[in-house]
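K.L.:
The structure under discussion is supplied below as structure tokens; questions concerning it will follow.
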Amino acid sequence: MNEYTITVDNLTKRFGDFTAVDRISFRVKQGEVYGWLGPNGAGKTTTIRLLLGLLKITSGSARVLGYDPSTETKTMQAHVGYMSQLFTLYNDLTARENIRFYGQAYGLSREALKQRQAEIIEMAGLVGRENTLTSNLSGGWKQRLALGCAIVHKPKVVFLDEPTAGVDPISRRDFWGLIYAMAKKGVTVLVTTHYMDEAELCQRVGFLSQGRLVALDTPGQLKETQMRGQVLEINTLDPERAMRMLKSAQASGRLPFDEVAFYGAQIHAVVPDAEAFKQPIRALLESEGVQVHSIEWIAPTLEDVFISAVK
Amino acid sequence: MSDEVTIFTQDLVKQFKTRRGAVTAVDGVTLQVRRGETYGLIGPDGAGKTTTTRVILGLLKRTAGESRILGYDSMRDTYDIRERVGYIAQQFALPGDLTVMENMRFFANVQGVSREEQQKRIPELLEFAGLSEFTNRLGDQLSGGMKKKLALACSLVHEPQVVMLDEPTLGVDPVSRREFWNMLGDLRTEKGTTIFVCTPYMDEAERCNWIGLMYQGQLVAHDSPETIKRMAAPGRLLEFTPSNFVPAWRTVEEMDGVLEVQTYGAMLHVFVDNVERRQREIETALSAQGITCTRMREIEPRMEEAFISLIRRQREQNHGSPEKKVILEL
């Protein structure tokens, strides 16, 4: 299983003066779930389009399953699945008709399609809803149907571009169950997302910012290596007042926080040195009578790490 | 934050008539939001969050029950509500052919803000939204995150005491999302504004100081995030990666002391009654089947685990039987 299915070296894409993808290099193993996290405009979708052979590479190289996306596009596409953020489904077709449409587009035989259709209906939990118009399906079902359509031809590599935008947590968990079921069978999955909780679910995560791959590792390693600063959780009796005091200490430079923000009734402060900041924070708050319950050094979330890495 | 109630509903019901009969979108919701609170209404798609919000605002007619904001009745006092409440609808789109400044003026005029007030407030709000340098940029040319910030600034132009935001960060990238929530934090600190947010994102729910969890039109939990996490978690939580996922899942689910199993990517999240004892038992039972577990450890349940657990129990109550598991084979 150590074979690389995606190999990218110094991949670059320029549109006029604008560099959308800037010398990106990475490799993805067969059966790996590889995630990309980045703000809008970081180059996530452009890279996927390059790998799909939909855009011309400016410089560098890319191989998907050994094929060159720019010259062997047709052969490669027969083994690659793609689900876009817009769930490209036909709303005026039923669930079954959508699967059939995609199956025919990929040139599946009648029998193969019949069998695949049943498998996908089962997989997407659409049994009993086969003949429902797609426009009447809720977000989670639509999403699973869109995935089903993207893999109707049993691809070996699947690109998922922000597949879970606007889908609730339970449907999201089910969807990730599907992703890992595919990976288990040796399918390589490259998924882009805005959501940290989703990135946590990937085996490896790349941070993209302004066209560059700024970090690439397991979620656990990223938390250890990419976070500048440490996070303190501050519990007080009067969080609003505490926040006003901390903000003004930040502004005056007395307590140089990288960030200070509410998390419900708590306040999270990102500081250069957690142990060294505990006492001055407590002293400041208590000096004006704000009662402090606790100040604890907590583990950063992947979101904290991401913000820190791309800032 | 004070004990004064700014948003209030009692047994609120909203039904829609359809060709196939009446559909109850909001089914007896009783909730209270205190002044200065950041209140999160969370729940899956179709739970009734948007309908509840629109009924409270007086944009939809309620079928039964009571709803008030700042003491004003949603149906009778719509004008008073409009004057004192800001709102960003879910699919809200700013006029893209107006500049940032023109958008601000447009909303200020609609809200009847005087010229002098506008001259004072608009620059402040643009500064607050980090848009001071973009006053002449057309709405259409703003990034997704900037559009949301501008929408928030526009909704604040009449200095409302309450803002109601329906999934305000949908499709917004992490950096802008963080900035948007920091703006809400500033609003809470500086102005004591009551903030009511509908969201399907559990990490955003953790940023609220009170939460209403909606499911199928009903409010199934209503408390602080800490209490909900404590209440909802059926026990302590073990996390690990089994070498063989589906058989491990099936085995663990049948074991004594295992209260609930959730999947988390390639990992299993297992709620147990006793961590020390069950951790050993799980490892033994799985290793007997040749399955190894890596990185087994206890973790704190987050809002997401609590939410999934609560909704599952609710589904079992409603349907009388455990929900059918999708075990996924492709």
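Labeling convention for the structure tokens: chains A, B, ... as they appear, residues from 1 per chain, ligands from 1 in order of appearance.
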Quick one: everything within 7 Å of range 34-37 of chain A, counting only C-alpha atoms, minus sequence neighbours fewer than 4 positions away in the same chain. Send it as a ChimeraX atom specification.
P.N.:
/A:189-194,199,202-208
K.L.:
Selection from above, N, CA and C atoms, as an mmCIF file, in the first residue's frame, can you write it?
P.N.:
data_model
loop_
_atom_site.group_PDB
_atom_site.id
_atom_site.type_symbol
_atom_site.label_atom_id
_atom_site.label_comp_id
_atom_site.auth_asym_id
_atom_site.auth_seq_id
_atom_site.Cartn_x
_atom_site.Cartn_y
_atom_site.Cartn_z
ATOM 1 N N VAL A 189 -8.216 9.386 -1.398
ATOM 2 C CA VAL A 189 -9.180 10.479 -1.293
ATOM 3 C C VAL A 189 -8.456 11.778 -0.988
ATOM 4 N N LEU A 190 -8.663 12.776 -1.837
ATOM 5 C CA LEU A 190 -8.145 14.111 -1.545
ATOM 6 C C LEU A 190 -9.345 15.012 -1.322
ATOM 7 N N VAL A 191 -9.427 15.589 -0.118
ATOM 8 C CA VAL A 191 -10.623 16.353 0.236
ATOM 9 C C VAL A 191 -10.226 17.750 0.689
ATOM 10 N N THR A 192 -10.944 18.765 0.217
ATOM 11 C CA THR A 192 -10.671 20.127 0.699
ATOM 12 C C THR A 192 -11.808 20.535 1.620
ATOM 13 N N THR A 193 -11.478 21.347 2.600
ATOM 14 C CA THR A 193 -12.511 21.749 3.552
ATOM 15 C C THR A 193 -12.176 23.081 4.204
ATOM 16 N N HIS A 194 -13.204 23.707 4.745
ATOM 17 C CA HIS A 194 -13.050 24.910 5.562
ATOM 18 C C HIS A 194 -13.113 24.557 7.029
ATOM 19 N N ALA A 199 -11.007 18.479 9.111
ATOM 20 C CA ALA A 199 -9.579 18.285 8.848
ATOM 21 C C ALA A 199 -8.990 17.318 9.871
ATOM 22 N N CYS A 202 -8.774 13.722 8.794
ATOM 23 C CA CYS A 202 -7.905 13.260 7.717
ATOM 24 C C CYS A 202 -6.645 12.639 8.304
ATOM 25 N N GLN A 203 -6.040 11.729 7.535
ATOM 26 C CA GLN A 203 -4.798 11.128 8.016
ATOM 27 C C GLN A 203 -3.645 12.129 7.942
ATOM 28 N N ARG A 204 -3.603 12.885 6.845
ATOM 29 C CA ARG A 204 -2.645 13.974 6.768
ATOM 30 C C ARG A 204 -3.358 15.216 6.278
ATOM 31 N N VAL A 205 -2.872 16.368 6.734
ATOM 32 C CA VAL A 205 -3.519 17.625 6.382
ATOM 33 C C VAL A 205 -2.482 18.597 5.842
ATOM 34 N N GLY A 206 -2.810 19.249 4.732
ATOM 35 C CA GLY A 206 -1.969 20.316 4.208
ATOM 36 C C GLY A 206 -2.648 21.651 4.459
ATOM 37 N N PHE A 207 -1.887 22.639 4.912
ATOM 38 C CA PHE A 207 -2.419 23.997 5.069
ATOM 39 C C PHE A 207 -2.054 24.779 3.808
ATOM 40 N N LEU A 208 -3.025 25.335 3.136
ATOM 41 C CA LEU A 208 -2.765 26.145 1.958
ATOM 42 C C LEU A 208 -3.031 27.608 2.249
#
K.L.:
Can you work out which residues from chain A touch chain B at a cut-off of 7 Å (counting only C-alpha atoms) and hand them back as an NGL selection string?
P.N.:
:A and (39-40 or 123 or 165-166 or 168 or 170 or 173 or 176-178 or 180-182 or 194 or 201 or 240 or 243-244 or 261-265 or 307)
K.L.:
Would you export the selected residues with N, CA and C atoms as an mmCIF file, in the first residue's frame, please?
P.N.:
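Contents of selection.cif, freshly written:
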data_model
loop_
_atom_site.group_PDB
_atom_site.id
_atom_site.type_symbol
_atom_site.label_atom_id
_atom_site.label_comp_id
_atom_site.auth_asym_id
_atom_site.auth_seq_id
_atom_site.Cartn_x
_atom_site.Cartn_y
_atom_site.Cartn_z
ATOM 1 N N PRO A 39 -8.079 29.100 3.282
ATOM 2 C CA PRO A 39 -9.125 30.089 3.046
ATOM 3 C C PRO A 39 -9.532 30.101 1.576
ATOM 4 N N ASN A 40 -10.627 30.802 1.280
ATOM 5 C CA ASN A 40 -11.015 30.991 -0.116
ATOM 6 C C ASN A 40 -9.859 31.653 -0.830
ATOM 7 N N MET A 123 -25.721 2.312 -0.331
ATOM 8 C CA MET A 123 -24.632 3.026 0.332
ATOM 9 C C MET A 123 -25.070 4.412 0.806
ATOM 10 N N ALA A 165 -20.141 21.410 2.946
ATOM 11 C CA ALA A 165 -20.622 22.746 3.297
ATOM 12 C C ALA A 165 -22.132 22.708 3.539
ATOM 13 N N GLY A 166 -22.540 23.200 4.694
ATOM 14 C CA GLY A 166 -23.970 23.310 4.976
ATOM 15 C C GLY A 166 -24.653 22.005 5.339
ATOM 16 N N ASP A 168 -25.388 18.988 8.240
ATOM 17 C CA ASP A 168 -25.343 18.932 9.704
ATOM 18 C C ASP A 168 -24.382 17.842 10.202
ATOM 19 N N ILE A 170 -24.482 15.146 12.007
ATOM 20 C CA ILE A 170 -24.759 13.713 11.941
ATOM 21 C C ILE A 170 -24.550 13.214 10.516
ATOM 22 N N ARG A 173 -20.850 12.984 9.813
ATOM 23 C CA ARG A 173 -20.203 11.774 10.324
ATOM 24 C C ARG A 173 -20.476 10.596 9.393
ATOM 25 N N TRP A 176 -18.314 10.869 6.365
ATOM 26 C CA TRP A 176 -16.922 10.491 6.629
ATOM 27 C C TRP A 176 -16.784 8.993 6.801
ATOM 28 N N GLY A 177 -17.837 8.346 7.262
ATOM 29 C CA GLY A 177 -17.841 6.887 7.300
ATOM 30 C C GLY A 177 -17.671 6.339 5.895
ATOM 31 N N LEU A 178 -18.364 6.948 4.944
ATOM 32 C CA LEU A 178 -18.263 6.531 3.543
ATOM 33 C C LEU A 178 -16.855 6.754 3.004
ATOM 34 N N TYR A 180 -14.040 6.778 4.616
ATOM 35 C CA TYR A 180 -13.104 5.778 5.132
ATOM 36 C C TYR A 180 -13.396 4.376 4.603
ATOM 37 N N ALA A 181 -14.658 4.104 4.292
ATOM 38 C CA ALA A 181 -14.971 2.811 3.686
ATOM 39 C C ALA A 181 -14.304 2.721 2.310
ATOM 40 N N MET A 182 -14.301 3.832 1.578
ATOM 41 C CA MET A 182 -13.643 3.848 0.265
ATOM 42 C C MET A 182 -12.144 3.665 0.419
ATOM 43 N N HIS A 194 -13.204 23.707 4.745
ATOM 44 C CA HIS A 194 -13.050 24.910 5.562
ATOM 45 C C HIS A 194 -13.113 24.557 7.029
ATOM 46 N N LEU A 201 -10.192 14.786 10.864
ATOM 47 C CA LEU A 201 -10.517 13.424 10.477
ATOM 48 C C LEU A 201 -9.604 12.871 9.387
ATOM 49 N N GLU A 240 -17.325 39.542 30.511
ATOM 50 C CA GLU A 240 -17.364 40.752 29.676
ATOM 51 C C GLU A 240 -16.386 41.795 30.194
ATOM 52 N N MET A 243 -12.845 40.697 29.678
ATOM 53 C CA MET A 243 -12.446 40.870 28.287
ATOM 54 C C MET A 243 -12.044 42.308 28.007
ATOM 55 N N ARG A 244 -12.821 43.269 28.527
ATOM 56 C CA ARG A 244 -12.468 44.682 28.305
ATOM 57 C C ARG A 244 -11.074 44.977 28.873
ATOM 58 N N ALA A 261 -10.065 36.029 22.822
ATOM 59 C CA ALA A 261 -11.424 35.898 22.290
ATOM 60 C C ALA A 261 -12.320 35.100 23.238
ATOM 61 N N PHE A 262 -13.626 35.342 23.122
ATOM 62 C CA PHE A 262 -14.596 34.599 23.930
ATOM 63 C C PHE A 262 -14.783 33.190 23.401
ATOM 64 N N TYR A 263 -14.885 32.231 24.297
ATOM 65 C CA TYR A 263 -15.412 30.909 23.963
ATOM 66 C C TYR A 263 -16.505 30.656 24.966
ATOM 67 N N GLY A 264 -17.725 31.037 24.632
ATOM 68 C CA GLY A 264 -18.825 30.933 25.574
ATOM 69 C C GLY A 264 -18.535 31.797 26.779
ATOM 70 N N ALA A 265 -18.595 31.198 27.973
ATOM 71 C CA ALA A 265 -18.350 31.966 29.183
ATOM 72 C C ALA A 265 -16.858 32.100 29.470
ATOM 73 N N ILE A 307 -4.784 29.134 12.052
ATOM 74 C CA ILE A 307 -4.743 30.601 12.074
ATOM 75 C C ILE A 307 -3.316 31.063 12.348
#
K.L.:
So that I can check the surroundings of range 237-240 of chain B, please list as number ranges by chain every protein, DNA and RNA residue that reaches within 10 Å of it, counting only C-alpha atoms and ignoring chain neighbours fewer than 6 positions away.
P.N.:
B: 258-264, 266-275, 278-279, 292-301, 305
K.L.:
Go ahead and dump the residues you just picked, N, CA and C atoms, as a PDB file, in the first residue's frame.
P.N.:
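Written output follows (again03.pdb):
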ATOM      1  N   VAL B 258     -20.279  -0.591  27.628  1.00  0.00           N
ATOM      2  CA  VAL B 258     -20.178   0.331  26.497  1.00  0.00           C
ATOM      3  C   VAL B 258     -21.555   0.967  26.289  1.00  0.00           C
ATOM      4  N   LEU B 259     -21.596   2.291  26.425  1.00  0.00           N
ATOM      5  CA  LEU B 259     -22.883   2.978  26.417  1.00  0.00           C
ATOM      6  C   LEU B 259     -23.268   3.465  25.029  1.00  0.00           C
ATOM      7  N   GLU B 260     -22.266   3.846  24.258  1.00  0.00           N
ATOM      8  CA  GLU B 260     -22.559   4.335  22.910  1.00  0.00           C
ATOM      9  C   GLU B 260     -21.276   4.326  22.095  1.00  0.00           C
ATOM     10  N   VAL B 261     -21.410   4.031  20.804  1.00  0.00           N
ATOM     11  CA  VAL B 261     -20.238   4.071  19.924  1.00  0.00           C
ATOM     12  C   VAL B 261     -20.521   5.055  18.797  1.00  0.00           C
ATOM     13  N   GLN B 262     -19.590   5.972  18.572  1.00  0.00           N
ATOM     14  CA  GLN B 262     -19.695   6.899  17.451  1.00  0.00           C
ATOM     15  C   GLN B 262     -18.453   6.713  16.572  1.00  0.00           C
ATOM     16  N   THR B 263     -18.631   6.922  15.270  1.00  0.00           N
ATOM     17  CA  THR B 263     -17.460   6.838  14.404  1.00  0.00           C
ATOM     18  C   THR B 263     -16.874   8.237  14.263  1.00  0.00           C
ATOM     19  N   TYR B 264     -15.563   8.296  14.128  1.00  0.00           N
ATOM     20  CA  TYR B 264     -14.908   9.580  13.962  1.00  0.00           C
ATOM     21  C   TYR B 264     -13.789   9.375  12.952  1.00  0.00           C
ATOM     22  N   ALA B 266     -11.400   7.537  10.841  1.00  0.00           N
ATOM     23  CA  ALA B 266     -10.895   6.172  10.970  1.00  0.00           C
ATOM     24  C   ALA B 266     -10.884   5.730  12.430  1.00  0.00           C
ATOM     25  N   MET B 267     -11.347   6.618  13.325  1.00  0.00           N
ATOM     26  CA  MET B 267     -11.331   6.310  14.751  1.00  0.00           C
ATOM     27  C   MET B 267     -12.716   5.927  15.252  1.00  0.00           C
ATOM     28  N   LEU B 268     -12.716   5.283  16.417  1.00  0.00           N
ATOM     29  CA  LEU B 268     -13.976   5.044  17.110  1.00  0.00           C
ATOM     30  C   LEU B 268     -13.992   5.900  18.373  1.00  0.00           C
ATOM     31  N   HIS B 269     -15.156   6.467  18.663  1.00  0.00           N
ATOM     32  CA  HIS B 269     -15.383   7.149  19.932  1.00  0.00           C
ATOM     33  C   HIS B 269     -16.339   6.278  20.730  1.00  0.00           C
ATOM     34  N   VAL B 270     -15.878   5.793  21.870  1.00  0.00           N
ATOM     35  CA  VAL B 270     -16.671   4.848  22.648  1.00  0.00           C
ATOM     36  C   VAL B 270     -16.958   5.435  24.029  1.00  0.00           C
ATOM     37  N   PHE B 271     -18.238   5.629  24.328  1.00  0.00           N
ATOM     38  CA  PHE B 271     -18.622   6.081  25.665  1.00  0.00           C
ATOM     39  C   PHE B 271     -18.720   4.855  26.573  1.00  0.00           C
ATOM     40  N   VAL B 272     -18.040   4.927  27.725  1.00  0.00           N
ATOM     41  CA  VAL B 272     -18.042   3.784  28.639  1.00  0.00           C
ATOM     42  C   VAL B 272     -18.380   4.247  30.056  1.00  0.00           C
ATOM     43  N   ASP B 273     -18.754   3.259  30.907  1.00  0.00           N
ATOM     44  CA  ASP B 273     -19.076   3.610  32.298  1.00  0.00           C
ATOM     45  C   ASP B 273     -17.809   3.756  33.146  1.00  0.00           C
ATOM     46  N   ASN B 274     -16.727   3.053  32.760  1.00  0.00           N
ATOM     47  CA  ASN B 274     -15.520   3.064  33.577  1.00  0.00           C
ATOM     48  C   ASN B 274     -14.303   2.944  32.658  1.00  0.00           C
ATOM     49  N   VAL B 275     -13.539   3.999  32.580  1.00  0.00           N
ATOM     50  CA  VAL B 275     -12.466   4.064  31.592  1.00  0.00           C
ATOM     51  C   VAL B 275     -11.396   2.991  31.805  1.00  0.00           C
ATOM     52  N   ARG B 278     -12.805  -0.662  31.208  1.00  0.00           N
ATOM     53  CA  ARG B 278     -13.282  -0.963  29.845  1.00  0.00           C
ATOM     54  C   ARG B 278     -12.175  -0.841  28.806  1.00  0.00           C
ATOM     55  N   GLN B 279     -11.243   0.047  29.061  1.00  0.00           N
ATOM     56  CA  GLN B 279     -10.125   0.184  28.116  1.00  0.00           C
ATOM     57  C   GLN B 279      -9.392  -1.151  27.987  1.00  0.00           C
ATOM     58  N   THR B 292      -5.634  -4.618  16.354  1.00  0.00           N
ATOM     59  CA  THR B 292      -4.867  -3.793  17.287  1.00  0.00           C
ATOM     60  C   THR B 292      -5.492  -2.402  17.376  1.00  0.00           C
ATOM     61  N   CYS B 293      -5.280  -1.755  18.519  1.00  0.00           N
ATOM     62  CA  CYS B 293      -5.824  -0.406  18.713  1.00  0.00           C
ATOM     63  C   CYS B 293      -4.657   0.532  18.907  1.00  0.00           C
ATOM     64  N   THR B 294      -4.593   1.587  18.118  1.00  0.00           N
ATOM     65  CA  THR B 294      -3.520   2.548  18.350  1.00  0.00           C
ATOM     66  C   THR B 294      -4.098   3.807  18.974  1.00  0.00           C
ATOM     67  N   ARG B 295      -3.250   4.454  19.718  1.00  0.00           N
ATOM     68  CA  ARG B 295      -3.563   5.728  20.387  1.00  0.00           C
ATOM     69  C   ARG B 295      -4.861   5.682  21.177  1.00  0.00           C
ATOM     70  N   MET B 296      -5.038   4.663  22.014  1.00  0.00           N
ATOM     71  CA  MET B 296      -6.256   4.654  22.822  1.00  0.00           C
ATOM     72  C   MET B 296      -6.065   5.597  24.008  1.00  0.00           C
ATOM     73  N   ARG B 297      -7.010   6.525  24.156  1.00  0.00           N
ATOM     74  CA  ARG B 297      -6.899   7.489  25.260  1.00  0.00           C
ATOM     75  C   ARG B 297      -8.271   8.046  25.600  1.00  0.00           C
ATOM     76  N   GLU B 298      -8.367   8.613  26.798  1.00  0.00           N
ATOM     77  CA  GLU B 298      -9.619   9.258  27.164  1.00  0.00           C
ATOM     78  C   GLU B 298      -9.594  10.692  26.679  1.00  0.00           C
ATOM     79  N   ILE B 299     -10.702  11.141  26.099  1.00  0.00           N
ATOM     80  CA  ILE B 299     -10.788  12.552  25.707  1.00  0.00           C
ATOM     81  C   ILE B 299     -12.040  13.182  26.305  1.00  0.00           C
ATOM     82  N   GLU B 300     -12.039  14.498  26.372  1.00  0.00           N
ATOM     83  CA  GLU B 300     -13.213  15.242  26.836  1.00  0.00           C
ATOM     84  C   GLU B 300     -14.228  15.290  25.704  1.00  0.00           C
ATOM     85  N   PRO B 301     -15.485  14.934  25.968  1.00  0.00           N
ATOM     86  CA  PRO B 301     -16.477  15.069  24.897  1.00  0.00           C
ATOM     87  C   PRO B 301     -16.632  16.544  24.517  1.00  0.00           C
ATOM     88  N   GLU B 305     -19.843  15.651  19.986  1.00  0.00           N
ATOM     89  CA  GLU B 305     -20.156  14.319  20.503  1.00  0.00           C
ATOM     90  C   GLU B 305     -21.463  14.367  21.291  1.00  0.00           C
TER      91      GLU B 305
END
K.L.:
My list of candidates is B:Val197, B:Leu94, B:Ala153, B:Ile88. Which is closest to Glu127 in chain B when distances are computed with only C-alpha atoms?
P.N.:
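With only C-alpha atoms as the atom set, the closest residue is B:Ala153.
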K.L.:
So that I can see what lies close to Arg35 in chain B, please list as a PyMOL selection string the residues with an atom at most 9 Å from it, counting only C-alpha atoms and leaving out residues fewer than 5 positions away in the same chain.
P.N.:
chain B and resi 1-7+161-162+192-195
K.L.:
Write out, as a PDB file, in the first residue's frame, the residues just selected, with N, CA and C atoms.
P.N.:
ATOM      1  N   MET B   1     -23.908  40.762  31.163  1.00  0.00           N
ATOM      2  CA  MET B   1     -25.110  39.933  31.032  1.00  0.00           C
ATOM      3  C   MET B   1     -25.964  40.108  32.279  1.00  0.00           C
ATOM      4  N   SER B   2     -27.268  40.254  32.106  1.00  0.00           N
ATOM      5  CA  SER B   2     -28.142  40.397  33.274  1.00  0.00           C
ATOM      6  C   SER B   2     -29.245  39.352  33.194  1.00  0.00           C
ATOM      7  N   ASP B   3     -30.119  39.371  34.184  1.00  0.00           N
ATOM      8  CA  ASP B   3     -31.194  38.374  34.190  1.00  0.00           C
ATOM      9  C   ASP B   3     -32.386  38.833  33.374  1.00  0.00           C
ATOM     10  N   GLU B   4     -32.293  40.057  32.871  1.00  0.00           N
ATOM     11  CA  GLU B   4     -33.406  40.599  32.112  1.00  0.00           C
ATOM     12  C   GLU B   4     -33.578  39.816  30.796  1.00  0.00           C
ATOM     13  N   VAL B   5     -34.816  39.445  30.498  1.00  0.00           N
ATOM     14  CA  VAL B   5     -35.068  38.633  29.318  1.00  0.00           C
ATOM     15  C   VAL B   5     -35.283  39.533  28.095  1.00  0.00           C
ATOM     16  N   THR B   6     -34.548  39.289  27.013  1.00  0.00           N
ATOM     17  CA  THR B   6     -34.756  40.107  25.809  1.00  0.00           C
ATOM     18  C   THR B   6     -35.545  39.360  24.728  1.00  0.00           C
ATOM     19  N   ILE B   7     -35.334  38.048  24.628  1.00  0.00           N
ATOM     20  CA  ILE B   7     -36.125  37.275  23.670  1.00  0.00           C
ATOM     21  C   ILE B   7     -36.872  36.212  24.450  1.00  0.00           C
ATOM     22  N   GLN B 161     -30.391  46.714  19.870  1.00  0.00           N
ATOM     23  CA  GLN B 161     -30.025  46.111  21.157  1.00  0.00           C
ATOM     24  C   GLN B 161     -29.877  44.601  21.025  1.00  0.00           C
ATOM     25  N   VAL B 162     -30.491  44.078  19.938  1.00  0.00           N
ATOM     26  CA  VAL B 162     -30.455  42.642  19.708  1.00  0.00           C
ATOM     27  C   VAL B 162     -30.084  42.414  18.239  1.00  0.00           C
ATOM     28  N   GLY B 192     -22.678  45.349  24.937  1.00  0.00           N
ATOM     29  CA  GLY B 192     -23.625  44.511  25.676  1.00  0.00           C
ATOM     30  C   GLY B 192     -24.788  44.048  24.817  1.00  0.00           C
ATOM     31  N   THR B 193     -24.551  43.979  23.502  1.00  0.00           N
ATOM     32  CA  THR B 193     -25.612  43.569  22.581  1.00  0.00           C
ATOM     33  C   THR B 193     -25.997  42.101  22.811  1.00  0.00           C
ATOM     34  N   THR B 194     -27.285  41.827  22.747  1.00  0.00           N
ATOM     35  CA  THR B 194     -27.755  40.446  22.806  1.00  0.00           C
ATOM     36  C   THR B 194     -27.601  39.844  21.412  1.00  0.00           C
ATOM     37  N   ILE B 195     -26.943  38.691  21.331  1.00  0.00           N
ATOM     38  CA  ILE B 195     -26.654  38.076  20.034  1.00  0.00           C
ATOM     39  C   ILE B 195     -27.317  36.710  19.959  1.00  0.00           C
TER      40      ILE B 195
END
K.L.:
If you count only C-alpha atoms, which residues fall within 8 Å of Val157 in chain A, apart from same-chain ones fewer than 2 positions away, as a PyMOL selection string?
P.N.:
chain A and resi 5+65+79-81+155+159+187-190
K.L.:
For range 82-87 of chain A, please output as a ChimeraX atom specification all residues within 8 Å (counting only C-alpha atoms; exclusion window: fewer than 5 positions along the same chain).
P.N.:
/A:142-143,146-147,150-151,158-165
K.L.:
Within range 43-287 of chain B, find each residue whose DSSP state, derived from the backbone, is alpha helix (DSSP H), and express the selection as an NGL selection string.
P.N.:
:B and (49-56 or 78-84 or 100-110 or 115-128 or 144-155 or 174-190 or 202-205 or 225-232 or 245-253 or 275-287)
K.L.:
Which residues are close to range 134-136 of chain B, i.e. within 12 Å by only C-alpha atoms, leaving aside same-chain residues fewer than 3 positions away? Reply as a PyMOL selection string.
P.N.:
chain B and resi 97-105+122-123+125-127+129-131+139-143+146-147+150
K.L.:
Go ahead and save the residues from that selection, with C-alpha atoms, as a PDB file, in the first residue's frame.
P.N.:
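What landed in part03.pdb:
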ATOM      1  CA  ASP B  97     -23.772  46.889  -7.593  1.00  0.00           C
ATOM      2  CA  LEU B  98     -23.470  49.251  -4.653  1.00  0.00           C
ATOM      3  CA  THR B  99     -20.132  50.082  -3.032  1.00  0.00           C
ATOM      4  CA  VAL B 100     -19.389  49.313   0.609  1.00  0.00           C
ATOM      5  CA  MET B 101     -20.211  52.918   1.551  1.00  0.00           C
ATOM      6  CA  GLU B 102     -23.382  52.976  -0.545  1.00  0.00           C
ATOM      7  CA  ASN B 103     -24.523  49.756   1.089  1.00  0.00           C
ATOM      8  CA  MET B 104     -24.050  51.256   4.533  1.00  0.00           C
ATOM      9  CA  ARG B 105     -25.946  54.423   3.552  1.00  0.00           C
ATOM     10  CA  ILE B 122     -20.768  54.604   9.474  1.00  0.00           C
ATOM     11  CA  PRO B 123     -17.005  55.253   9.780  1.00  0.00           C
ATOM     12  CA  LEU B 125     -18.804  50.517  11.849  1.00  0.00           C
ATOM     13  CA  LEU B 126     -16.501  50.283   8.826  1.00  0.00           C
ATOM     14  CA  GLU B 127     -13.527  50.450  11.142  1.00  0.00           C
ATOM     15  CA  ALA B 129     -15.626  45.535  10.281  1.00  0.00           C
ATOM     16  CA  GLY B 130     -12.108  46.159   8.989  1.00  0.00           C
ATOM     17  CA  LEU B 131     -13.560  47.682   5.812  1.00  0.00           C
ATOM     18  CA  GLY B 139     -20.294  44.579  -3.079  1.00  0.00           C
ATOM     19  CA  ASP B 140     -19.790  42.009  -5.826  1.00  0.00           C
ATOM     20  CA  GLN B 141     -16.011  42.391  -5.605  1.00  0.00           C
ATOM     21  CA  LEU B 142     -15.754  41.605  -1.899  1.00  0.00           C
ATOM     22  CA  SER B 143     -14.567  38.212  -0.685  1.00  0.00           C
ATOM     23  CA  MET B 146     -15.841  40.619   3.776  1.00  0.00           C
ATOM     24  CA  LYS B 147     -19.437  40.341   2.554  1.00  0.00           C
ATOM     25  CA  LEU B 150     -20.330  44.165   5.750  1.00  0.00           C
TER      26      LEU B 150
END
K.L.:
Mind pulling up the distance from CA of Lys223 in chain A to CA of Ala306 in chain B?
P.N.:
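That distance, rounded to one decimal, is 23.7 Å.
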